[in-house]
Structure formats: structure tokens, C-alpha cells
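J.: Below is the file upload_33.cif, which contains mmCIF, C-alpha atoms.
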```
data_run
loop_
_atom_site.label_atom_id
_atom_site.label_comp_id
_atom_site.auth_asym_id
_atom_site.auth_seq_id
_atom_site.Cartn_x
_atom_site.Cartn_y
_atom_site.Cartn_z
CA MET A 1 4.18 -5.98 15.41
CA ILE A 2 7.37 -6.32 13.42
CA ARG A 3 8.48 -9.71 12.17
CA ASN A 4 11.32 -11.25 10.21
CA GLY A 5 10.27 -11.14 6.55
CA GLU A 6 11.92 -14.47 5.70
CA THR A 7 10.88 -16.59 8.66
CA GLY A 8 7.89 -14.75 10.11
CA ASP A 9 9.56 -14.80 13.55
CA TRP A 10 8.33 -12.13 15.97
CA ILE A 11 10.88 -9.35 16.56
CA GLY A 12 8.94 -6.80 18.59
CA THR A 13 5.70 -4.93 19.19
CA PHE A 14 4.90 -1.23 18.89
CA GLU A 15 2.60 -0.38 21.78
CA GLY A 16 0.60 2.83 22.20
CA HIS A 17 -2.39 3.03 19.87
CA LYS A 18 -5.86 3.02 21.47
CA GLY A 19 -7.76 1.98 18.33
CA CYS A 20 -7.40 -0.40 15.40
CA VAL A 21 -4.39 0.19 13.15
CA TRP A 22 -5.40 0.78 9.52
CA GLY A 23 -1.95 1.25 8.02
CA ALA A 24 1.70 0.51 8.79
CA THR A 25 4.91 1.05 6.86
CA LEU A 26 8.70 1.07 7.15
CA ASN A 27 11.01 3.66 5.65
CA ALA A 28 13.51 2.55 2.99
CA PRO A 29 16.39 1.59 5.36
CA ALA A 30 13.91 0.06 7.86
CA THR A 31 15.12 2.30 10.69
CA HIS A 32 11.73 3.87 11.33
CA ALA A 33 8.12 2.74 11.17
CA ALA A 34 4.88 4.69 10.92
CA THR A 35 1.33 3.66 11.71
CA ALA A 36 -2.17 5.04 11.06
CA SER A 37 -4.98 4.39 13.51
CA ALA A 38 -8.65 4.78 14.34
CA ASP A 39 -7.55 6.58 17.54
CA PHE A 40 -7.23 9.78 15.43
CA SER A 41 -3.44 9.61 15.27
CA ALA A 42 -0.47 8.58 13.19
CA ARG A 43 2.69 7.60 15.02
CA LEU A 44 6.39 7.47 14.26
CA TRP A 45 8.46 4.68 15.79
CA ASN A 46 12.08 3.66 16.13
CA ALA A 47 11.99 0.35 14.24
CA ILE A 48 15.10 -0.93 16.02
CA THR A 49 14.05 -0.33 19.64
CA GLY A 50 10.25 -0.13 19.26
CA ASP A 51 10.16 3.27 21.01
CA GLU A 52 7.45 5.75 20.03
CA LEU A 53 9.14 8.89 18.70
CA TYR A 54 6.17 11.12 17.89
CA LYS A 55 2.38 11.18 17.85
CA PHE A 56 0.73 13.14 15.02
CA GLU A 57 -2.72 14.21 16.20
CA HIS A 58 -5.63 14.22 13.70
CA LYS A 59 -9.31 15.08 14.02
CA HIS A 60 -10.63 11.79 12.64
CA ILE A 61 -9.59 8.25 11.73
CA VAL A 62 -6.25 7.95 9.91
CA LYS A 63 -6.32 5.23 7.24
CA SER A 64 -3.07 5.64 5.30
CA VAL A 65 0.55 6.47 6.11
CA CYS A 66 3.56 6.59 3.79
CA PHE A 67 7.21 7.71 3.96
CA SER A 68 8.67 9.71 1.10
CA LYS A 69 11.40 7.86 -0.77
CA ASP A 70 14.03 10.19 0.70
CA CYS A 71 12.66 9.40 4.19
CA GLN A 72 12.35 13.11 5.02
CA ARG A 73 8.55 13.38 4.96
CA LEU A 74 5.52 11.45 6.17
CA LEU A 75 2.21 11.41 4.30
CA THR A 76 -1.12 10.68 6.01
CA GLY A 77 -4.73 10.48 4.87
CA GLY A 78 -8.06 9.33 6.25
CA SER A 79 -11.59 10.27 7.21
CA GLU A 80 -10.91 14.02 7.34
CA LYS A 81 -10.61 13.98 3.51
CA LEU A 82 -7.22 15.69 3.83
CA LEU A 83 -3.70 14.74 2.85
CA ARG A 84 -1.06 15.88 5.32
CA ILE A 85 2.71 15.97 4.77
CA TYR A 86 4.90 16.18 7.88
CA ASP A 87 8.52 17.33 7.71
CA LEU A 88 10.44 14.77 9.75
CA GLY A 89 13.39 17.14 9.95
CA ASN A 90 11.18 19.71 11.70
CA ILE A 91 8.74 17.41 13.38
CA ASP A 92 6.94 20.03 15.51
CA ALA A 93 6.09 22.20 12.49
CA ALA A 94 2.51 22.32 11.18
CA PRO A 95 1.97 19.87 8.32
CA TYR A 96 1.53 20.81 4.68
CA VAL A 97 -2.18 20.19 4.00
CA MET A 98 -3.75 19.23 0.68
CA GLU A 99 -7.53 19.67 0.42
CA GLY A 100 -10.10 18.65 -2.17
CA SER A 101 -10.71 14.92 -1.76
CA PRO A 102 -14.46 14.21 -2.15
CA SER A 103 -14.62 11.45 0.49
CA GLN A 104 -12.42 9.75 3.06
CA ILE A 105 -8.97 8.82 1.78
CA ARG A 106 -8.38 5.10 1.66
CA THR A 107 -4.76 5.02 0.52
CA ALA A 108 -2.06 7.47 -0.60
CA GLN A 109 1.47 7.00 -1.91
CA PHE A 110 4.41 9.16 -2.97
CA THR A 111 5.70 8.53 -6.49
CA ALA A 112 9.30 7.41 -7.05
CA ASP A 113 10.72 10.95 -7.14
CA ASP A 114 8.50 12.28 -4.31
CA SER A 115 7.12 15.07 -6.52
CA LEU A 116 3.64 13.56 -6.87
CA ILE A 117 1.12 11.79 -4.65
CA MET A 118 -1.39 9.14 -5.72
CA SER A 119 -4.55 8.92 -3.60
CA SER A 120 -7.83 7.05 -3.71
CA CYS A 121 -11.12 7.64 -1.90
CA ALA A 122 -13.57 5.24 -0.32
CA ASP A 123 -16.64 6.52 -2.19
CA ASP A 124 -15.21 7.89 -5.42
CA ASN A 125 -13.76 6.18 -8.49
CA GLY A 126 -10.29 6.83 -9.82
CA ILE A 127 -6.87 7.86 -8.52
CA ARG A 128 -6.03 11.51 -8.04
CA VAL A 129 -2.50 12.56 -8.91
CA TRP A 130 -1.40 15.55 -6.82
CA ASP A 131 1.54 17.84 -7.54
CA VAL A 132 3.22 18.34 -4.17
CA ARG A 133 4.76 21.67 -5.21
CA THR A 134 1.54 23.33 -6.43
CA ASN A 135 -0.99 21.50 -4.23
CA VAL A 136 -3.30 20.73 -7.17
CA VAL A 137 -4.64 17.59 -8.83
CA VAL A 138 -2.84 17.37 -12.18
CA THR A 139 -4.73 14.35 -13.52
CA THR A 140 -7.08 11.55 -12.49
CA LEU A 141 -6.60 7.90 -13.47
CA ALA A 142 -9.96 6.41 -14.38
CA THR A 143 -11.24 3.22 -12.70
CA ASP A 144 -14.60 1.47 -12.75
CA THR A 145 -15.08 1.45 -8.97
CA PRO A 146 -13.35 2.94 -5.90
CA VAL A 147 -9.70 1.88 -5.63
CA THR A 148 -8.79 -0.20 -2.58
CA SER A 149 -5.08 -0.64 -3.27
CA ILE A 150 -2.28 1.39 -4.88
CA GLU A 151 1.28 0.14 -5.35
CA ILE A 152 4.16 1.80 -7.17
CA THR A 153 6.81 -0.67 -8.31
CA GLU A 154 10.35 -0.42 -6.93
CA ASN A 155 11.69 0.81 -10.26
CA GLY A 156 8.93 3.44 -10.46
CA ARG A 157 7.70 2.04 -13.78
CA TYR A 158 4.18 0.92 -12.93
CA ILE A 159 1.27 1.92 -10.73
CA THR A 160 -0.74 -1.17 -9.78
CA THR A 161 -4.32 -0.73 -8.61
CA ALA A 162 -7.16 -2.94 -7.42
CA ASP A 163 -10.78 -1.88 -7.79
CA GLY A 164 -13.66 -4.33 -7.66
CA LYS A 165 -12.72 -7.25 -9.90
CA ASN A 166 -10.12 -5.23 -11.79
CA VAL A 167 -6.35 -5.13 -11.47
CA THR A 168 -4.79 -2.44 -13.65
CA PHE A 169 -1.17 -1.54 -14.46
CA PHE A 170 -0.67 2.14 -15.30
CA ASP A 171 2.49 3.61 -16.80
CA ALA A 172 3.88 5.82 -14.02
CA MET A 173 5.37 8.31 -16.50
CA THR A 174 2.39 8.82 -18.82
CA PHE A 175 -0.43 7.76 -16.43
CA THR A 176 -1.97 5.64 -19.20
CA PRO A 177 -3.24 2.08 -18.61
CA VAL A 178 -0.84 -0.61 -19.84
CA LYS A 179 -2.82 -3.71 -18.86
CA LYS A 180 -6.19 -4.23 -17.24
CA TRP A 181 -7.29 -7.63 -16.03
CA THR A 182 -10.87 -8.34 -14.97
CA LEU A 183 -10.75 -11.24 -12.53
CA PRO A 184 -13.45 -13.74 -11.51
CA TYR A 185 -13.24 -12.53 -7.89
CA GLU A 186 -13.28 -9.26 -5.92
CA ALA A 187 -9.70 -8.01 -5.40
CA GLU A 188 -9.06 -5.88 -2.32
CA SER A 189 -5.31 -5.63 -2.95
CA ALA A 190 -2.79 -6.37 -5.69
CA SER A 191 1.00 -6.40 -5.99
CA VAL A 192 3.23 -6.89 -9.03
CA CYS A 193 6.78 -8.21 -9.44
CA VAL A 194 8.04 -7.29 -12.90
CA PRO A 195 11.27 -9.40 -12.81
CA GLN A 196 9.28 -12.55 -11.99
CA ASN A 197 6.44 -11.63 -14.40
CA ARG A 198 3.85 -12.23 -11.70
CA PHE A 199 1.14 -10.33 -9.91
CA VAL A 200 -0.70 -11.44 -6.80
CA ALA A 201 -4.19 -10.42 -5.71
CA GLY A 202 -6.39 -11.17 -2.72
CA GLY A 203 -9.89 -10.25 -1.69
CA LEU A 204 -13.28 -11.36 -0.49
CA ASP A 205 -13.02 -15.05 -1.50
CA MET A 206 -10.32 -15.52 1.19
CA TRP A 207 -7.83 -16.98 -1.33
CA VAL A 208 -4.56 -15.50 -2.59
CA HIS A 209 -4.22 -15.70 -6.36
CA VAL A 210 -1.00 -15.57 -8.40
CA HIS A 211 -1.29 -14.55 -12.05
CA ASP A 212 1.02 -14.35 -15.02
CA MET A 213 1.63 -10.64 -15.62
CA THR A 214 1.65 -10.99 -19.41
CA THR A 215 -1.40 -13.20 -19.96
CA GLY A 216 -3.39 -12.63 -16.77
CA ASN A 217 -3.76 -16.39 -16.36
CA GLU A 218 -3.92 -17.72 -12.80
CA VAL A 219 -0.85 -19.87 -12.17
CA ASP A 220 -1.24 -20.59 -8.46
CA VAL A 221 -3.67 -20.05 -5.60
CA GLY A 222 -2.96 -19.95 -1.87
CA LYS A 223 -5.70 -21.35 0.37
CA GLY A 224 -5.61 -21.08 4.15
CA HIS A 225 -7.05 -17.76 5.23
CA HIS A 226 -10.43 -17.80 6.99
CA GLY A 227 -11.43 -14.22 6.27
CA PRO A 228 -11.20 -11.66 3.44
CA VAL A 229 -7.66 -10.81 2.32
CA HIS A 230 -7.14 -7.05 2.63
CA SER A 231 -3.45 -6.71 1.75
CA VAL A 232 -0.88 -8.53 -0.41
CA ARG A 233 2.72 -7.52 -1.17
CA PHE A 234 5.73 -9.11 -2.85
CA ALA A 235 9.10 -9.32 -1.15
CA PRO A 236 11.77 -7.17 -2.88
CA ASP A 237 13.22 -10.16 -4.75
CA GLY A 238 9.79 -11.38 -5.81
CA MET A 239 10.45 -14.94 -4.66
CA SER A 240 7.85 -14.70 -1.91
CA TYR A 241 4.84 -12.59 -0.97
CA ALA A 242 2.80 -11.84 2.13
CA SER A 243 -0.95 -11.67 2.65
CA GLY A 244 -2.87 -10.05 5.50
CA SER A 245 -6.38 -11.16 6.34
CA GLU A 246 -9.39 -10.28 8.47
CA ASP A 247 -8.81 -13.65 10.18
CA GLY A 248 -6.03 -11.99 12.20
CA THR A 249 -3.11 -13.66 10.43
CA ILE A 250 -0.34 -12.71 8.02
CA ARG A 251 0.89 -15.52 5.81
CA LEU A 252 4.08 -15.86 3.77
CA TRP A 253 3.97 -17.74 0.46
CA LYS A 254 6.52 -18.88 -2.12
CA THR A 255 6.03 -17.38 -5.57
CA PHE A 256 7.20 -20.62 -7.19
CA PRO A 257 6.22 -23.44 -4.79
CA GLU A 258 7.69 -26.12 -7.07
CA GLY A 259 10.81 -24.12 -7.92
CA LYS A 260 11.26 -21.36 -10.46
CA PRO A 261 10.88 -22.55 -14.08
CA ALA A 262 14.06 -22.68 -16.12
CA THR A 263 14.63 -19.69 -18.41
CA LYS A 264 14.28 -20.62 -22.07
#
```
Kindly present the structure from the file in C-alpha cells form.

T.:
Amino acid sequence: MIRNGETGDWIGTFEGHKGCVWGATLNAPATHAATASADFSARLWNAITGDELYKFEHKHIVKSVCFSKDCQRLLTGGSEKLLRIYDLGNIDAAPYVMEGSPSQIRTAQFTADDSLIMSSCADDNGIRVWDVRTNVVVTTLATDTPVTSIEITENGRYITTADGKNVTFFDAMTFTPVKKWTLPYEAESASVCVPQNRFVAGGLDMWVHVHDMTTGNEVDVGKGHHGPVHSVRFAPDGMSYASGSEDGTIRLWKTFPEGKPATK
């Protein structure tokens, strides 16, 4: 489904998948959507009309889908242990395939300039950084446990990851850890908003936690979900965030429920 990000109102539904949908994303101008499914396919949609534009066949479950920042390519990954890049300008062409992942790919993202890809695996620690031009892993970012969430900030400055009870901010230029917070709960997903100095995390305790980015202190907690929280993301302005749960709901929350504190 697609909904209004401010009100949550239903706009339309993309119909066609025959299995659960593991991933969904919009391109930068929100003209197209892409989805990844257990029906062994990824699909491209017209986000305005809801029409299916193309079905990308795979040989196993597709878990992750991502548009390049220039909107010209589509990245997929899943249980085949392969990354595929489809040229949306030549949609019938065979995809560019990147091999070498040790287990099924849980999530994959283009970096801000589209030259690199960050990917994580279900049964292997760390984040692999792939050079798109040479098709090789140029470095691996170390984590304690398998990474369940990767986010690259809008300005391309940070890579935010969640693994186990850890939320880590990596410098996207040097690939070195900037901050690592070990939380008192299992975090399935994390999202950061640098201008608001906040990060949000959700996981197995069914709550959504807001933390101060500088100190790591919890400053707010959202209670209401009745199942594990698998995805959290800030709105572009950072004044609200969304959470998706196993209870079948998506909830929208205010970053500052009592109003944003005055700047000193």
C-alpha cells in the first residue's frame, strides 16, 4: 500500500505479488515504487497510478530492493546470495550480478554517489562494501552480530546500522565507526536524523525508542505495537518517524511530542 506520510491516509494499493513482501521503496521523486517478495520476484510500479510496470524474476526469495540515487538502476538481494543491478533505461537487459555473499542477503543500499553498495547477510557479521565498477568487496565494516538494518543519511555523511543490541554510526567517507551505542534491548532497525540530534530504534520488545544522538540517552519511548518492530525511519524533516511491526500496523510518531525544545 501507499499512504500519505503526514496523515497516514490510504492512497492506493499495489496488487500482484503472490507471496509476502519483504521490502518496498520509492525512488527520489516518488514517481516509481519497487517491491521485493517471497514469490521469487521484484516488481517495479508506477507510484502515481499503481500500475505494475515490470516483474523481475529471481530464483529464490527477494528480501531487499533499492533505487540508485539517480533513479536509473534498481538493486535487489535475497536468498540467492546474489546482488543484482537492473538498468531501468534498458529494462529487458540481463542484470549486472555481484557474487560472493556467504549467506542470504538481508539488506542492501547504494551509497550517496551510487558508486558503492552496502550489504548485510542473515548469518554473517559485518557490512560488505562493494565497488560497483570492479565488482569486488573493497572493505568490510565490523559488527558484533549480523546486521538487520542499514541506513545512509540524506547528506551521505553517516551509515547507521542495527545489530543485536548495538546501534552504530559509521563515517560514510572513511568507513570508521563514529559512535556505537549498546542498548538494553534488541534493535531490529535504526534511523538517525542529524539535524534533530536524534536516533530511533525498534525491535523485539515491541516499543519504539528515541535516543539523543550525542549521549545515547533515551529521551522518549513509543508504546502501542503488539508485535516486534522490524522497521523504523525518520521523515525527511526529522519531525516525525514511522515504525512497522509484525502486528500488521505502521504507526507515525512525533519526534518531539511536547514541542521541540528551544535552541540555546

J.: Considering all atoms listed in the file, state which residue in the set A:Thr31, A:Thr182, A:Thr107, A:Asn125 is at the smallest distance from Ser64 of chain A.

T.: A:Thr107

J.: Could you tell me how far atom CA of Val137 of chain A lies from atom CA of Gln104 of chain A, in Å and to one decimal?

T.: 16.2 Å

J.: Could you list, with a cut-off of 10 Å and counting only C-alpha atoms, the residues of segment 49-83 of chain A near segment 3-19 of chain A, each shown with its nearest atom pair and the distance in Å rounded to one decimal, rows sorted by chain and ascending number, as JSON lines?

T.:
```
{"residue": "A:Thr49", "atom": "CA", "partner": "A:Gly12", "partner_atom": "CA", "distance": 8.3}
{"residue": "A:Gly50", "atom": "CA", "partner": "A:Phe14", "partner_atom": "CA", "distance": 5.5}
{"residue": "A:Asp51", "atom": "CA", "partner": "A:Phe14", "partner_atom": "CA", "distance": 7.2}
{"residue": "A:Glu52", "atom": "CA", "partner": "A:Phe14", "partner_atom": "CA", "distance": 7.5}
{"residue": "A:Lys55", "atom": "CA", "partner": "A:Gly16", "partner_atom": "CA", "distance": 9.6}
{"residue": "A:Ile61", "atom": "CA", "partner": "A:Gly19", "partner_atom": "CA", "distance": 9.3}
```

J.: Within 6 Å of Asn197 of chain A, counting all atoms listed in the file, which residues show up once you throw out same-chain ones fewer than 2 positions away? Write them as a list in words, please.

T.: Val194, Pro195 and Met213 of chain A

J.: Do you know which residues are at most 8 Å from Ala190 of chain A counting only C-alpha atoms, after dropping those on the same chain fewer than 6 positions away, and could you put them as an MDAnalysis selection string?

T.: chainID A and resid 149:151 160:162 167 199:202 231:233

J.: Specify as number ranges by chain each residue included when the PyMOL selection byres ((chain A and resi 226) around 8) is applied to this file.

T.: A: 206, 224-225, 227-228, 245-247

J.: Name the residues in contact with Ser79 of chain A at a cut-off of 10 Å, using only C-alpha atoms, excluding same-chain residues fewer than 2 positions from it; report them as a list in words.

T.: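 The neighbour list is Ala38, Phe40, His58, Lys59, His60, Ile61, Val62, Lys63, Ser64, Gly77, Lys81, Leu82, Ser103, Gln104, Ile105, Arg106, Cys121 and Ala122 of chain A.
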
J.: Skip Thr176 of chain A itself and residues of its chain fewer than 3 positions away, then list as a list in words all residues within 12 Å of it, counting all atoms listed in the file.

T.: Ile127, Thr139, Thr140, Leu141, Ala142, Thr143, Arg157, Tyr158, Ile159, Thr160, Thr168, Phe169, Phe170, Asp171, Ala172, Met173, Lys179 and Lys180 of chain A

J.: Could you work out how far atom CA of Thr249 of chain A lies from atom CA of Ala42 of chain A, giving the answer in Å with one decimal?

T.: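 For atom CA of Ala42 of chain A relative to atom CA of Thr249 of chain A, the distance reads 22.6 Å.
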
J.: I'd like the contact shell of Asp131 of chain A - 10 Å cut-off, all atoms listed in the file, skipping same-chain residues fewer than 2 positions apart - returned as a VMD selection string.

T.: chain A and resid 98 114 to 118 128 to 129 133 to 139

J.: Just to be explicit: take each residue in the selection above, keep C-alpha atoms, and write the result as a tab-separated table (two decimals), keeping the file's coordinate frame.

T.:
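That gives us part.tsv:
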```tsv
chain	number	residue	atom	x	y	z
A	98	MET	CA	-3.75	19.23	0.68
A	114	ASP	CA	8.50	12.28	-4.31
A	115	SER	CA	7.12	15.07	-6.52
A	116	LEU	CA	3.64	13.56	-6.87
A	117	ILE	CA	1.12	11.79	-4.65
A	118	MET	CA	-1.39	9.14	-5.72
A	128	ARG	CA	-6.03	11.51	-8.04
A	129	VAL	CA	-2.50	12.56	-8.91
A	133	ARG	CA	4.76	21.67	-5.21
A	134	THR	CA	1.54	23.33	-6.43
A	135	ASN	CA	-0.99	21.50	-4.23
A	136	VAL	CA	-3.30	20.73	-7.17
A	137	VAL	CA	-4.64	17.59	-8.83
A	138	VAL	CA	-2.84	17.37	-12.18
A	139	THR	CA	-4.73	14.35	-13.52
```

J.: With only C-alpha atoms as the atoms that count, which of A:Ile48, A:Asp123, A:Gly89, A:Cys66 lies nearest to Thr35 of chain A?

T.: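 For Thr35 of chain A, the nearest of the given residues is A:Cys66.
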
J.: With distances taken over all atoms listed in the file, which residue among A:Val147, A:Leu252, A:Ala108, A:Ala242 lies nearest Asp124 of chain A?

T.: A:Val147

J.: May I have the centre and edge lengths, in Å to one decimal, of an axis-aligned box around the listed atoms of segment 139-144 of chain A with 4 Å added to every side, as lines of an AutoDock Vina configuration file?

T.:
```
center_x = -9.7
center_y = 7.9
center_z = -13.4
size_x = 17.9
size_y = 20.9
size_z = 9.9
```

J.: Tell me, in Å to one decimal, how far atom CA of Asn155 of chain A is from atom CA of Leu183 of chain A.

T.: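 Atom CA of Leu183 of chain A lies 25.6 Å from atom CA of Asn155 of chain A.
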
J.: Given all atoms listed in the file as the basis, pick out the residue of A:Ile91, A:Leu75, A:Val210, A:Ala36 nearest to Gly222 of chain A.

T.: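 When distances to Gly222 of chain A are compared using all atoms listed in the file, the smallest one comes from A:Val210.
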
J.: When you count only C-alpha atoms, which of these residues is closest to Ser189 of chain A: A:Val229, A:Ala235, A:Ala93, A:Cys20?

T.: A:Val229

J.: Name the residues that the PyMOL selection byres ((chain A and resi 67) around 9) picks from the file above, as a PyMOL selection string, using the file's chain letters and numbers.

T.: chain A and resi 25-28+33-34+65-66+68-75+109-110

J.: Using the chain letters and numbering of this document, enumerate as a ChimeraX atom specification the residues selected by the PyMOL selection byres ((chain A and resi 54) around 8).

T.: /A:43-45,52-53,55-56

J.: Closest to Gly126 of chain A among A:Asp92, A:Asp163, A:Glu99, A:Asp113, using all atoms listed in the file?

T.: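 Going through A:Asp92, A:Asp163, A:Glu99, A:Asp113 one by one, the smallest distance to Gly126 of chain A is for A:Asp163.
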
J.: When you get a chance, write out N, CA and C atoms for segment 241-263 of chain A, as a tab-separated table (two decimals), keeping the file's coordinate frame.

T.:
```tsv
chain	number	residue	atom	x	y	z
A	241	TYR	N	5.78	-13.69	-1.17
A	241	TYR	CA	4.84	-12.59	-0.97
A	241	TYR	C	4.09	-12.83	0.33
A	242	ALA	N	3.53	-11.77	0.86
A	242	ALA	CA	2.80	-11.84	2.13
A	242	ALA	C	1.34	-11.47	1.90
A	243	SER	N	0.47	-12.01	2.71
A	243	SER	CA	-0.95	-11.67	2.65
A	243	SER	C	-1.45	-11.42	4.06
A	244	GLY	N	-2.28	-10.38	4.21
A	244	GLY	CA	-2.87	-10.05	5.50
A	244	GLY	C	-4.37	-10.17	5.42
A	245	SER	N	-4.97	-10.81	6.41
A	245	SER	CA	-6.38	-11.16	6.34
A	245	SER	C	-7.16	-10.70	7.57
A	246	GLU	N	-8.47	-10.60	7.38
A	246	GLU	CA	-9.39	-10.28	8.47
A	246	GLU	C	-9.42	-11.39	9.52
A	247	ASP	N	-8.84	-12.55	9.20
A	247	ASP	CA	-8.81	-13.65	10.18
A	247	ASP	C	-7.74	-13.44	11.26
A	248	GLY	N	-7.02	-12.31	11.18
A	248	GLY	CA	-6.03	-11.99	12.20
A	248	GLY	C	-4.65	-12.58	11.95
A	249	THR	N	-4.41	-13.07	10.73
A	249	THR	CA	-3.11	-13.66	10.43
A	249	THR	C	-2.46	-12.98	9.22
A	250	ILE	N	-1.14	-13.05	9.20
A	250	ILE	CA	-0.34	-12.71	8.02
A	250	ILE	C	0.35	-13.99	7.59
A	251	ARG	N	0.27	-14.29	6.31
A	251	ARG	CA	0.89	-15.52	5.81
A	251	ARG	C	1.94	-15.20	4.76
A	252	LEU	N	3.01	-15.98	4.75
A	252	LEU	CA	4.08	-15.86	3.77
A	252	LEU	C	4.00	-17.03	2.80
A	253	TRP	N	4.14	-16.73	1.52
A	253	TRP	CA	3.97	-17.74	0.46
A	253	TRP	C	5.17	-17.70	-0.49
A	254	LYS	N	5.51	-18.83	-1.07
A	254	LYS	CA	6.52	-18.88	-2.12
A	254	LYS	C	5.88	-18.56	-3.46
A	255	THR	N	6.54	-17.72	-4.25
A	255	THR	CA	6.03	-17.38	-5.57
A	255	THR	C	6.05	-18.59	-6.49
A	256	PHE	N	7.07	-19.40	-6.37
A	256	PHE	CA	7.20	-20.62	-7.19
A	256	PHE	C	7.31	-21.81	-6.24
A	257	PRO	N	6.18	-22.36	-5.78
A	257	PRO	CA	6.22	-23.44	-4.79
A	257	PRO	C	7.00	-24.67	-5.25
A	258	GLU	N	7.00	-24.94	-6.55
A	258	GLU	CA	7.69	-26.12	-7.07
A	258	GLU	C	9.08	-25.79	-7.62
A	259	GLY	N	9.53	-24.56	-7.38
A	259	GLY	CA	10.81	-24.12	-7.92
A	259	GLY	C	10.60	-23.28	-9.16
A	260	LYS	N	11.43	-22.27	-9.34
A	260	LYS	CA	11.26	-21.36	-10.46
A	260	LYS	C	11.53	-22.08	-11.78
A	261	PRO	N	10.64	-21.89	-12.78
A	261	PRO	CA	10.88	-22.55	-14.08
A	261	PRO	C	12.18	-22.09	-14.71
A	262	ALA	N	12.81	-23.02	-15.44
A	262	ALA	CA	14.06	-22.68	-16.12
A	262	ALA	C	13.81	-21.65	-17.20
A	263	THR	N	14.73	-20.71	-17.36
A	263	THR	CA	14.63	-19.69	-18.41
A	263	THR	C	14.95	-20.30	-19.76
```
